[in-house]
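Trainee: Next comes run_30.cif, mmCIF, C-alpha atoms and all ligand atoms:
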data_start
#
loop_
_atom_site.label_atom_id
_atom_site.label_comp_id
_atom_site.auth_asym_id
_atom_site.auth_seq_id
_atom_site.Cartn_x
_atom_site.Cartn_y
_atom_site.Cartn_z
CA MET M 1478 103.73 81.90 128.36
CA ALA M 1479 103.83 85.09 126.30
CA SER M 1480 103.67 88.79 127.06
CA SER M 1481 101.68 91.70 125.64
CA MET M 1482 103.27 93.54 122.72
CA PRO M 1483 103.15 97.35 122.37
CA PRO M 1484 100.36 97.66 119.78
CA GLU M 1485 101.74 100.62 117.83
CA ALA M 1486 104.95 98.67 117.27
CA LEU M 1487 102.99 95.90 115.62
CA LEU M 1488 100.65 97.93 113.48
CA GLU M 1489 102.97 99.85 111.20
CA GLY M 1490 103.26 98.24 107.80
CA VAL M 1491 101.04 95.22 108.43
CA GLY M 1492 97.81 94.18 106.84
CA ASP M 1493 98.13 94.06 103.09
CA ALA M 1494 96.51 90.67 103.24
CA GLY M 1495 93.92 91.25 100.52
CA ALA M 1496 96.40 91.94 97.78
CA ALA M 1497 97.66 88.46 96.93
CA LYS M 1498 95.87 86.08 94.59
CA HIS M 1499 96.49 82.40 94.05
CA SER M 1500 97.57 82.36 90.43
CA GLY M 1501 100.52 80.75 88.70
CA SER M 1502 103.75 81.23 90.58
CA GLU M 1503 102.31 83.86 92.94
CA GLN M 1504 101.89 82.66 96.50
CA SER M 1505 98.44 82.47 98.06
CA VAL M 1506 97.86 84.43 101.25
CA LEU M 1507 97.91 81.19 103.28
CA GLU M 1508 101.24 80.25 101.66
CA LYS M 1509 102.60 83.62 102.79
CA HIS M 1510 101.34 82.95 106.34
CA VAL M 1511 103.46 79.80 106.38
CA ALA M 1512 106.40 81.03 104.25
CA PHE M 1513 107.58 83.19 107.15
CA PHE M 1514 108.58 79.96 108.87
CA ASP M 1515 110.47 78.68 105.79
CA ARG M 1516 113.64 80.28 107.04
CA ASN M 1517 115.87 79.20 104.13
CA HIS M 1518 113.17 79.79 101.48
CA ASP M 1519 113.39 76.33 99.89
CA GLY M 1520 109.63 75.76 99.85
CA VAL M 1521 109.68 73.26 102.72
CA VAL M 1522 109.26 74.07 106.42
CA TYR M 1523 110.98 71.76 108.91
CA PRO M 1524 110.15 71.69 112.63
CA TRP M 1525 113.39 73.43 113.56
CA GLU M 1526 112.51 76.27 111.17
CA THR M 1527 109.10 76.64 112.81
CA PHE M 1528 110.83 76.68 116.20
CA GLU M 1529 113.19 79.39 114.93
CA GLY M 1530 110.26 81.40 113.51
CA PHE M 1531 108.36 81.24 116.79
CA ARG M 1532 111.46 82.41 118.68
CA ALA M 1533 112.01 85.20 116.14
CA ILE M 1534 108.59 86.70 116.91
CA GLY M 1535 109.18 86.54 120.66
CA ALA M 1536 107.49 83.29 121.68
CA GLY M 1537 109.00 81.55 124.70
CA TYR M 1538 111.04 78.37 124.49
CA LEU M 1539 108.24 76.06 125.65
CA LEU M 1540 105.59 77.51 123.32
CA SER M 1541 108.05 77.39 120.41
CA MET M 1542 108.93 73.74 121.09
CA THR M 1543 105.36 72.50 121.57
CA GLY M 1544 104.09 74.69 118.70
CA ALA M 1545 106.66 73.27 116.29
CA PHE M 1546 106.06 69.68 117.43
CA LEU M 1547 102.26 69.82 117.26
CA ILE M 1548 102.03 71.77 113.98
CA HIS M 1549 104.39 69.43 112.13
CA PHE M 1550 102.93 66.28 113.64
CA ALA M 1551 99.42 67.39 112.61
CA LEU M 1552 100.10 68.94 109.19
CA SER M 1553 103.16 67.33 107.59
CA SER M 1554 101.54 64.37 105.84
CA LYS M 1555 98.54 66.44 104.71
CA THR M 1556 100.86 68.65 102.66
CA ARG M 1557 102.63 65.63 101.12
CA PRO M 1558 99.91 63.65 99.39
CA GLU M 1559 101.06 60.37 97.81
CA LYS M 1560 104.40 60.51 99.64
CA TYR M 1561 105.58 58.30 102.48
CA PRO M 1562 105.53 59.97 105.90
CA SER M 1563 108.91 61.51 106.65
CA PRO M 1564 110.58 61.24 110.09
CA PHE M 1565 111.56 64.90 109.65
CA PHE M 1566 107.90 66.01 109.42
CA PRO M 1567 108.37 68.49 106.54
CA ILE M 1568 105.53 70.81 105.50
CA GLU M 1569 105.36 71.73 101.80
CA VAL M 1570 104.42 75.39 101.50
CA LYS M 1571 102.76 75.07 98.08
CA ASN M 1572 100.37 72.43 99.46
CA ILE M 1573 99.48 74.17 102.71
CA HIS M 1574 95.85 74.65 101.61
CA LEU M 1575 95.49 70.85 101.96
CA ALA M 1576 96.15 71.25 105.70
CA LYS M 1577 93.14 73.47 106.33
CA HIS M 1578 90.74 72.22 108.99
CA GLY M 1579 87.08 72.76 109.81
CA SER M 1580 85.58 75.10 112.41
CA ASP M 1581 87.73 78.01 111.17
CA SER M 1582 86.66 81.55 110.38
CA GLY M 1583 86.42 80.97 106.62
CA VAL M 1584 88.78 83.90 105.99
CA TYR M 1585 90.98 81.55 103.96
CA ASP M 1586 89.06 79.86 101.18
CA SER M 1587 89.82 76.26 100.15
CA ASP M 1588 92.73 77.47 97.95
CA GLY M 1589 94.21 79.59 100.75
CA ARG M 1590 93.01 82.90 99.33
CA PHE M 1591 91.93 85.77 101.58
CA VAL M 1592 88.16 86.35 101.74
CA SER M 1593 87.66 89.99 102.76
CA LEU M 1594 83.95 89.56 103.48
CA LYS M 1595 84.64 86.83 106.03
CA PHE M 1596 87.37 88.92 107.64
CA GLU M 1597 85.04 91.92 108.02
CA GLU M 1598 82.33 89.60 109.34
CA ILE M 1599 84.50 88.64 112.35
CA PHE M 1600 84.49 92.22 113.60
CA ARG M 1601 80.96 93.06 112.51
CA LYS M 1602 79.57 90.09 114.41
CA PHE M 1603 81.82 89.75 117.44
CA ALA M 1604 83.63 93.04 118.18
CA ARG M 1605 80.69 94.41 120.16
CA THR M 1606 82.56 96.43 122.79
CA HIS M 1607 85.10 98.28 120.63
CA GLY M 1608 84.25 97.67 116.96
CA ASN M 1609 87.87 97.33 115.81
CA ALA M 1610 89.16 94.91 118.44
CA LEU M 1611 88.14 91.68 120.15
CA THR M 1612 88.05 91.10 123.90
CA SER M 1613 88.98 87.60 125.09
CA GLY M 1614 85.28 86.89 125.72
CA GLU M 1615 84.36 88.00 122.20
CA LEU M 1616 87.11 85.81 120.78
CA MET M 1617 85.70 82.83 122.68
CA ALA M 1618 82.22 83.62 121.35
CA MET M 1619 83.61 83.62 117.81
CA LEU M 1620 85.37 80.28 118.30
CA LYS M 1621 82.16 78.76 119.65
CA ALA M 1622 80.10 80.13 116.78
CA ASN M 1623 82.57 78.71 114.23
CA ARG M 1624 82.37 75.19 115.65
CA GLU M 1625 81.04 72.54 113.32
CA PRO M 1626 79.32 69.61 115.11
CA GLN M 1627 81.69 66.80 116.25
CA ASP M 1628 84.66 68.42 114.48
CA TYR M 1629 86.92 68.07 117.53
CA LYS M 1630 90.18 68.38 115.58
CA GLY M 1631 88.93 71.60 114.01
CA TRP M 1632 87.85 72.96 117.41
CA ILE M 1633 91.30 72.30 118.86
CA GLY M 1634 93.10 73.63 115.76
CA SER M 1635 91.14 76.89 115.73
CA TRP M 1636 91.37 77.36 119.49
CA THR M 1637 95.14 76.88 119.38
CA GLU M 1638 95.66 79.29 116.45
CA TRP M 1639 93.55 82.05 117.96
CA MET M 1640 94.79 81.67 121.54
CA THR M 1641 98.42 81.75 120.37
CA LEU M 1642 97.68 84.93 118.42
CA TYR M 1643 95.80 86.45 121.35
CA ASN M 1644 98.53 85.64 123.88
CA LEU M 1645 101.33 86.95 121.68
CA CYS M 1646 99.60 90.07 120.36
CA LYS M 1647 96.92 91.35 122.75
CA ASP M 1648 97.43 94.98 123.76
CA ASN M 1649 97.79 96.24 127.32
CA ASN M 1650 94.00 96.29 127.70
CA GLY M 1651 93.67 92.66 126.67
CA LEU M 1652 92.31 93.56 123.22
CA LEU M 1653 93.16 91.86 119.92
CA ARG M 1654 93.08 94.64 117.36
CA LYS M 1655 91.73 94.29 113.84
CA GLU M 1656 94.97 95.44 112.17
CA ILE M 1657 96.88 92.75 114.05
CA VAL M 1658 94.45 90.06 112.97
CA LYS M 1659 94.65 91.24 109.36
CA GLY M 1660 98.44 91.01 109.42
CA VAL M 1661 98.45 87.42 110.67
CA TYR M 1662 96.73 86.14 107.55
CA ASP M 1663 99.49 87.04 105.07
CA GLY M 1664 102.26 86.68 107.65
CA SER M 1665 103.19 90.36 107.45
CA LEU M 1666 102.51 90.54 111.19
CA PHE M 1667 105.23 87.94 111.83
CA GLU M 1668 107.74 89.88 109.72
CA ARG M 1669 106.93 93.07 111.59
CA MET M 1670 107.27 91.37 114.98
CA GLU M 1671 110.65 89.95 114.00
CA ARG M 1672 111.90 93.33 112.74
CA ASP M 1673 110.71 95.07 115.91
CA ARG M 1674 112.58 92.63 118.11
CA LYS M 1675 115.94 92.71 116.32
CA PRO M 1676 117.28 96.00 117.76
CA HIS M 1677 116.62 94.67 121.28
CA LYS M 1678 118.75 91.57 120.73
CA LYS M 1679 122.03 91.55 122.58
C1 LIG Z 1701 102.81 82.09 116.12
C2 LIG Z 1701 102.54 81.40 115.03
C3 LIG Z 1701 101.17 81.28 114.41
C4 LIG Z 1701 100.00 81.93 114.72
C5 LIG Z 1701 99.75 82.97 115.82
C6 LIG Z 1701 98.99 81.45 113.81
C7 LIG Z 1701 97.67 81.87 113.81
C8 LIG Z 1701 96.74 81.51 112.88
C9 LIG Z 1701 95.40 82.06 112.78
C10 LIG Z 1701 94.81 83.11 113.71
C11 LIG Z 1701 94.79 81.46 111.74
C12 LIG Z 1701 93.38 81.77 111.21
C13 LIG Z 1701 92.36 80.74 111.61
C14 LIG Z 1701 90.98 81.15 111.17
O1 LIG Z 1701 90.82 81.94 110.21
O2 LIG Z 1701 90.01 80.69 111.81
C15 LIG Z 1701 95.72 80.51 111.18
C16 LIG Z 1701 95.46 79.66 110.12
C17 LIG Z 1701 96.32 78.70 109.66
N1 LIG Z 1701 97.64 78.52 110.05
FE1 LIG Z 1701 98.62 79.57 111.43
N2 LIG Z 1701 99.55 80.53 112.96
C18 LIG Z 1701 100.88 80.38 113.30
C19 LIG Z 1701 101.80 79.55 112.70
C20 LIG Z 1701 101.51 78.64 111.73
C21 LIG Z 1701 102.45 77.68 111.18
C22 LIG Z 1701 103.92 77.56 111.61
C23 LIG Z 1701 101.77 76.94 110.27
C24 LIG Z 1701 102.27 75.82 109.41
C25 LIG Z 1701 103.54 75.67 109.06
C26 LIG Z 1701 100.41 77.43 110.23
C27 LIG Z 1701 99.42 76.93 109.43
C28 LIG Z 1701 98.13 77.44 109.36
C29 LIG Z 1701 97.10 76.89 108.49
C30 LIG Z 1701 97.23 75.69 107.55
C31 LIG Z 1701 95.97 77.70 108.68
C32 LIG Z 1701 94.61 77.54 107.98
C33 LIG Z 1701 93.62 76.90 108.93
C34 LIG Z 1701 92.23 76.93 108.34
O3 LIG Z 1701 91.76 77.99 107.93
O4 LIG Z 1701 91.60 75.87 108.29
N3 LIG Z 1701 100.30 78.48 111.12
N4 LIG Z 1701 96.90 80.57 111.88
CA CA Z 1702 112.95 75.50 104.54
#
Kindly transcribe the structure held in the file into structure tokens.
Ligand code: HEM
Ligand SMILES: [Ca+2]
Mentor:
Amino acid sequence: MASSMPPEALLEGVGDAGAAKHSGSEQSVLEKHVAFFDRNHDGVVYPWETFEGFRAIGAGYLLSMTGAFLIHFALSSKTRPEKYPSPFFPIEVKNIHLAKHGSDSGVYDSDGRFVSLKFEEIFRKFARTHGNALTSGELMAMLKANREPQDYKGWIGSWTEWMTLYNLCKDNNGLLRKEIVKGVYDGSLFERMERDRKPHKK
């Protein structure tokens, strides 16, 4: 479905996730994660923009199609409280914190802010082999540990997010490095991946 990325290409310039706060007009870190997919910067993400964003970071056609379909089907109405469901499945960036699910890492708080302690905890608890990277087995152990009882939607949501990240960004040794994970939270990883791919486009 997706191939390994050269890790050094992904690391440069990513991972300023702790800097943003959720105050006034400033975007929360979770809003930034999603804003990458708002290709025309109008505050609303449509499925075709998510598809385009997936393609821009190197995801295959099938992953991009199913990713866009499932994300918008699952999240659209949550981000549009008190509005009728739209056949275009829009996601409102400013309300993305309403689309959070259970059984996650807790790195985003309920307002979509970045919780450094929770981020560090992932690696302190689960990165047993290398310290600054997760093996696929360690990632699975983390997902299991994060599961809340009977929260099947949350289990599937978390599994999908982390497996997509792992498949797109694992290094040649099958490791998911800490810097990569940090960059996914504020979306700076996505920007970097898109920039790194552009020169290779024909
Ligand atoms: C290749 C694309 C994407 C990847 C690899 C990805 C990966 C991730 C990861 C790893 C998390 C952290 C989960 C945790 O802390 O346990 C996350 C959270 C989240 N993502 Fe994405 N994501 C992608 C695209 C999107 C898109 C397009 C949207 C919506 C438009 C989205 C919405 C969210 C939301 C709402 C959360 C918070 C979930 C929670 O903490 O409950 N993501 N994502
Ligand atoms: Ca848009």
Trainee: Could you please extract the residues within 12 Å of ligand CA 1702 (chain Z), counting only C-alpha atoms and all ligand atoms, and hand them back as number ranges by chain?
Mentor: M: 1511-1530, 1565-1570
Trainee: Between M:Val1592, M:Leu1547, M:Leu1507, M:Ile1657, which is the closest to ligand LIG 1701 (chain Z) once you count all atoms listed in the file?
Mentor: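 Closest candidate: M:Leu1507.
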Trainee: Quick check, in Å to one decimal: how far apart do atom C34 of ligand LIG 1701 (chain Z) and CA of Met1640 in chain M lie?
Mentor: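 Separation of atom C34 of ligand LIG 1701 (chain Z) and CA of Met1640 in chain M: 14.3 Å.
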Trainee: Do you know which residues are within 6 Å of ligand LIG 1701 (chain Z) using all atoms listed in the file? Can you write them as a ChimeraX atom specification?
Mentor: /M:1511,1514,1527,1531,1573,1576-1579,1581-1585,1635,1638-1639,1641-1642
Trainee: Could you state the separation of CA of Gly1608 in chain M and CA of Asn1649 in chain M in Å, given to one decimal place?
Mentor: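 Value for the CA of Gly1608 in chain M-CA of Asn1649 in chain M distance: 17.1 Å.
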Trainee: Go through M:Leu1653, M:Leu1645, M:Ser1580, M:His1607 one by one, measure the shortest atom-to-atom distance of each to Ser1541 in chain M using all atoms listed in the file, and give the residue with the smallest value.
Mentor: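 Nearest to Ser1541 in chain M: M:Leu1645.
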Trainee: With the input short on atoms, add all heavy atoms back to range 1631-1642 of chain M and write it as a PDB file, in the coordinates of the input.
Mentor:
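What ended up in selection-v9.pdb:
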ATOM      1  N   GLY M1631      89.081  70.213 114.449  1.00  0.00           N
ATOM      2  CA  GLY M1631      88.930  71.600 114.010  1.00  0.00           C
ATOM      3  C   GLY M1631      88.779  72.555 115.206  1.00  0.00           C
ATOM      4  O   GLY M1631      89.353  73.639 115.211  1.00  0.00           O
ATOM      5  N   TRP M1632      88.023  72.121 116.219  1.00  0.00           N
ATOM      6  CA  TRP M1632      87.850  72.960 117.410  1.00  0.00           C
ATOM      7  C   TRP M1632      89.203  73.246 118.047  1.00  0.00           C
ATOM      8  O   TRP M1632      89.521  74.387 118.384  1.00  0.00           O
ATOM      9  CB  TRP M1632      86.974  72.277 118.473  1.00  0.00           C
ATOM     10  CG  TRP M1632      85.573  71.959 118.070  1.00  0.00           C
ATOM     11  CD1 TRP M1632      85.009  72.069 116.827  1.00  0.00           C
ATOM     12  CD2 TRP M1632      84.539  71.453 118.930  1.00  0.00           C
ATOM     13  NE1 TRP M1632      83.706  71.660 116.865  1.00  0.00           N
ATOM     14  CE2 TRP M1632      83.392  71.277 118.135  1.00  0.00           C
ATOM     15  CE3 TRP M1632      84.480  71.119 120.288  1.00  0.00           C
ATOM     16  CZ2 TRP M1632      82.186  70.794 118.655  1.00  0.00           C
ATOM     17  CZ3 TRP M1632      83.290  70.630 120.813  1.00  0.00           C
ATOM     18  CH2 TRP M1632      82.152  70.475 120.000  1.00  0.00           C
ATOM     19  N   ILE M1633      89.988  72.150 118.195  1.00  0.00           N
ATOM     20  CA  ILE M1633      91.300  72.300 118.860  1.00  0.00           C
ATOM     21  C   ILE M1633      92.241  73.143 117.987  1.00  0.00           C
ATOM     22  O   ILE M1633      92.925  74.037 118.480  1.00  0.00           O
ATOM     23  CB  ILE M1633      91.923  70.909 119.151  1.00  0.00           C
ATOM     24  CG1 ILE M1633      91.072  70.184 120.195  1.00  0.00           C
ATOM     25  CG2 ILE M1633      93.365  71.038 119.621  1.00  0.00           C
ATOM     26  CD1 ILE M1633      91.424  68.719 120.391  1.00  0.00           C
ATOM     27  N   GLY M1634      92.241  72.872 116.672  1.00  0.00           N
ATOM     28  CA  GLY M1634      93.100  73.630 115.760  1.00  0.00           C
ATOM     29  C   GLY M1634      92.788  75.116 115.831  1.00  0.00           C
ATOM     30  O   GLY M1634      93.688  75.946 116.028  1.00  0.00           O
ATOM     31  N   SER M1635      91.517  75.470 115.715  1.00  0.00           N
ATOM     32  CA  SER M1635      91.140  76.890 115.730  1.00  0.00           C
ATOM     33  C   SER M1635      91.444  77.527 117.083  1.00  0.00           C
ATOM     34  O   SER M1635      91.978  78.643 117.149  1.00  0.00           O
ATOM     35  CB  SER M1635      89.644  77.041 115.444  1.00  0.00           C
ATOM     36  OG  SER M1635      89.410  76.776 114.093  1.00  0.00           O
ATOM     37  N   TRP M1636      91.111  76.817 118.141  1.00  0.00           N
ATOM     38  CA  TRP M1636      91.370  77.360 119.490  1.00  0.00           C
ATOM     39  C   TRP M1636      92.859  77.662 119.649  1.00  0.00           C
ATOM     40  O   TRP M1636      93.245  78.729 120.120  1.00  0.00           O
ATOM     41  CB  TRP M1636      90.893  76.367 120.556  1.00  0.00           C
ATOM     42  CG  TRP M1636      90.972  76.907 121.948  1.00  0.00           C
ATOM     43  CD1 TRP M1636      90.015  77.612 122.621  1.00  0.00           C
ATOM     44  CD2 TRP M1636      92.092  76.793 122.857  1.00  0.00           C
ATOM     45  NE1 TRP M1636      90.455  77.951 123.871  1.00  0.00           N
ATOM     46  CE2 TRP M1636      91.722  77.466 124.047  1.00  0.00           C
ATOM     47  CE3 TRP M1636      93.355  76.206 122.772  1.00  0.00           C
ATOM     48  CZ2 TRP M1636      92.575  77.553 125.146  1.00  0.00           C
ATOM     49  CZ3 TRP M1636      94.212  76.302 123.868  1.00  0.00           C
ATOM     50  CH2 TRP M1636      93.815  76.958 125.035  1.00  0.00           C
ATOM     51  N   THR M1637      93.697  76.717 119.211  1.00  0.00           N
ATOM     52  CA  THR M1637      95.140  76.880 119.380  1.00  0.00           C
ATOM     53  C   THR M1637      95.656  78.072 118.563  1.00  0.00           C
ATOM     54  O   THR M1637      96.446  78.886 119.060  1.00  0.00           O
ATOM     55  CB  THR M1637      95.873  75.586 118.939  1.00  0.00           C
ATOM     56  OG1 THR M1637      95.216  74.476 119.560  1.00  0.00           O
ATOM     57  CG2 THR M1637      97.322  75.596 119.336  1.00  0.00           C
ATOM     58  N   GLU M1638      95.207  78.173 117.301  1.00  0.00           N
ATOM     59  CA  GLU M1638      95.660  79.290 116.450  1.00  0.00           C
ATOM     60  C   GLU M1638      95.289  80.635 117.063  1.00  0.00           C
ATOM     61  O   GLU M1638      96.123  81.534 117.169  1.00  0.00           O
ATOM     62  CB  GLU M1638      95.009  79.174 115.066  1.00  0.00           C
ATOM     63  CG  GLU M1638      95.568  78.064 114.197  1.00  0.00           C
ATOM     64  CD  GLU M1638      94.608  77.591 113.105  1.00  0.00           C
ATOM     65  OE1 GLU M1638      93.489  78.133 112.974  1.00  0.00           O
ATOM     66  OE2 GLU M1638      94.986  76.657 112.382  1.00  0.00           O
ATOM     67  N   TRP M1639      94.028  80.745 117.474  1.00  0.00           N
ATOM     68  CA  TRP M1639      93.550  82.050 117.960  1.00  0.00           C
ATOM     69  C   TRP M1639      94.101  82.383 119.344  1.00  0.00           C
ATOM     70  O   TRP M1639      94.402  83.547 119.637  1.00  0.00           O
ATOM     71  CB  TRP M1639      92.023  82.092 117.949  1.00  0.00           C
ATOM     72  CG  TRP M1639      91.486  82.283 116.551  1.00  0.00           C
ATOM     73  CD1 TRP M1639      91.011  81.324 115.712  1.00  0.00           C
ATOM     74  CD2 TRP M1639      91.408  83.520 115.820  1.00  0.00           C
ATOM     75  NE1 TRP M1639      90.638  81.880 114.508  1.00  0.00           N
ATOM     76  CE2 TRP M1639      90.863  83.218 114.552  1.00  0.00           C
ATOM     77  CE3 TRP M1639      91.748  84.839 116.114  1.00  0.00           C
ATOM     78  CZ2 TRP M1639      90.646  84.199 113.581  1.00  0.00           C
ATOM     79  CZ3 TRP M1639      91.532  85.822 115.145  1.00  0.00           C
ATOM     80  CH2 TRP M1639      90.991  85.499 113.900  1.00  0.00           C
ATOM     81  N   MET M1640      94.254  81.384 120.205  1.00  0.00           N
ATOM     82  CA  MET M1640      94.790  81.670 121.540  1.00  0.00           C
ATOM     83  C   MET M1640      96.272  82.032 121.465  1.00  0.00           C
ATOM     84  O   MET M1640      96.747  82.881 122.218  1.00  0.00           O
ATOM     85  CB  MET M1640      94.596  80.464 122.478  1.00  0.00           C
ATOM     86  CG  MET M1640      93.169  80.285 122.948  1.00  0.00           C
ATOM     87  SD  MET M1640      92.347  81.829 123.411  1.00  0.00           S
ATOM     88  CE  MET M1640      93.209  82.228 124.915  1.00  0.00           C
ATOM     89  N   THR M1641      97.004  81.389 120.545  1.00  0.00           N
ATOM     90  CA  THR M1641      98.420  81.750 120.370  1.00  0.00           C
ATOM     91  C   THR M1641      98.510  83.203 119.905  1.00  0.00           C
ATOM     92  O   THR M1641      99.288  83.994 120.445  1.00  0.00           O
ATOM     93  CB  THR M1641      99.098  80.817 119.335  1.00  0.00           C
ATOM     94  OG1 THR M1641      98.889  79.474 119.750  1.00  0.00           O
ATOM     95  CG2 THR M1641     100.580  81.088 119.230  1.00  0.00           C
ATOM     96  N   LEU M1642      97.679  83.549 118.914  1.00  0.00           N
ATOM     97  CA  LEU M1642      97.680  84.930 118.420  1.00  0.00           C
ATOM     98  C   LEU M1642      97.308  85.905 119.539  1.00  0.00           C
ATOM     99  O   LEU M1642      97.977  86.925 119.740  1.00  0.00           O
ATOM    100  CB  LEU M1642      96.695  85.062 117.245  1.00  0.00           C
ATOM    101  CG  LEU M1642      96.593  86.465 116.637  1.00  0.00           C
ATOM    102  CD1 LEU M1642      97.926  86.877 116.005  1.00  0.00           C
ATOM    103  CD2 LEU M1642      95.474  86.531 115.603  1.00  0.00           C
TER     104      LEU M1642
END
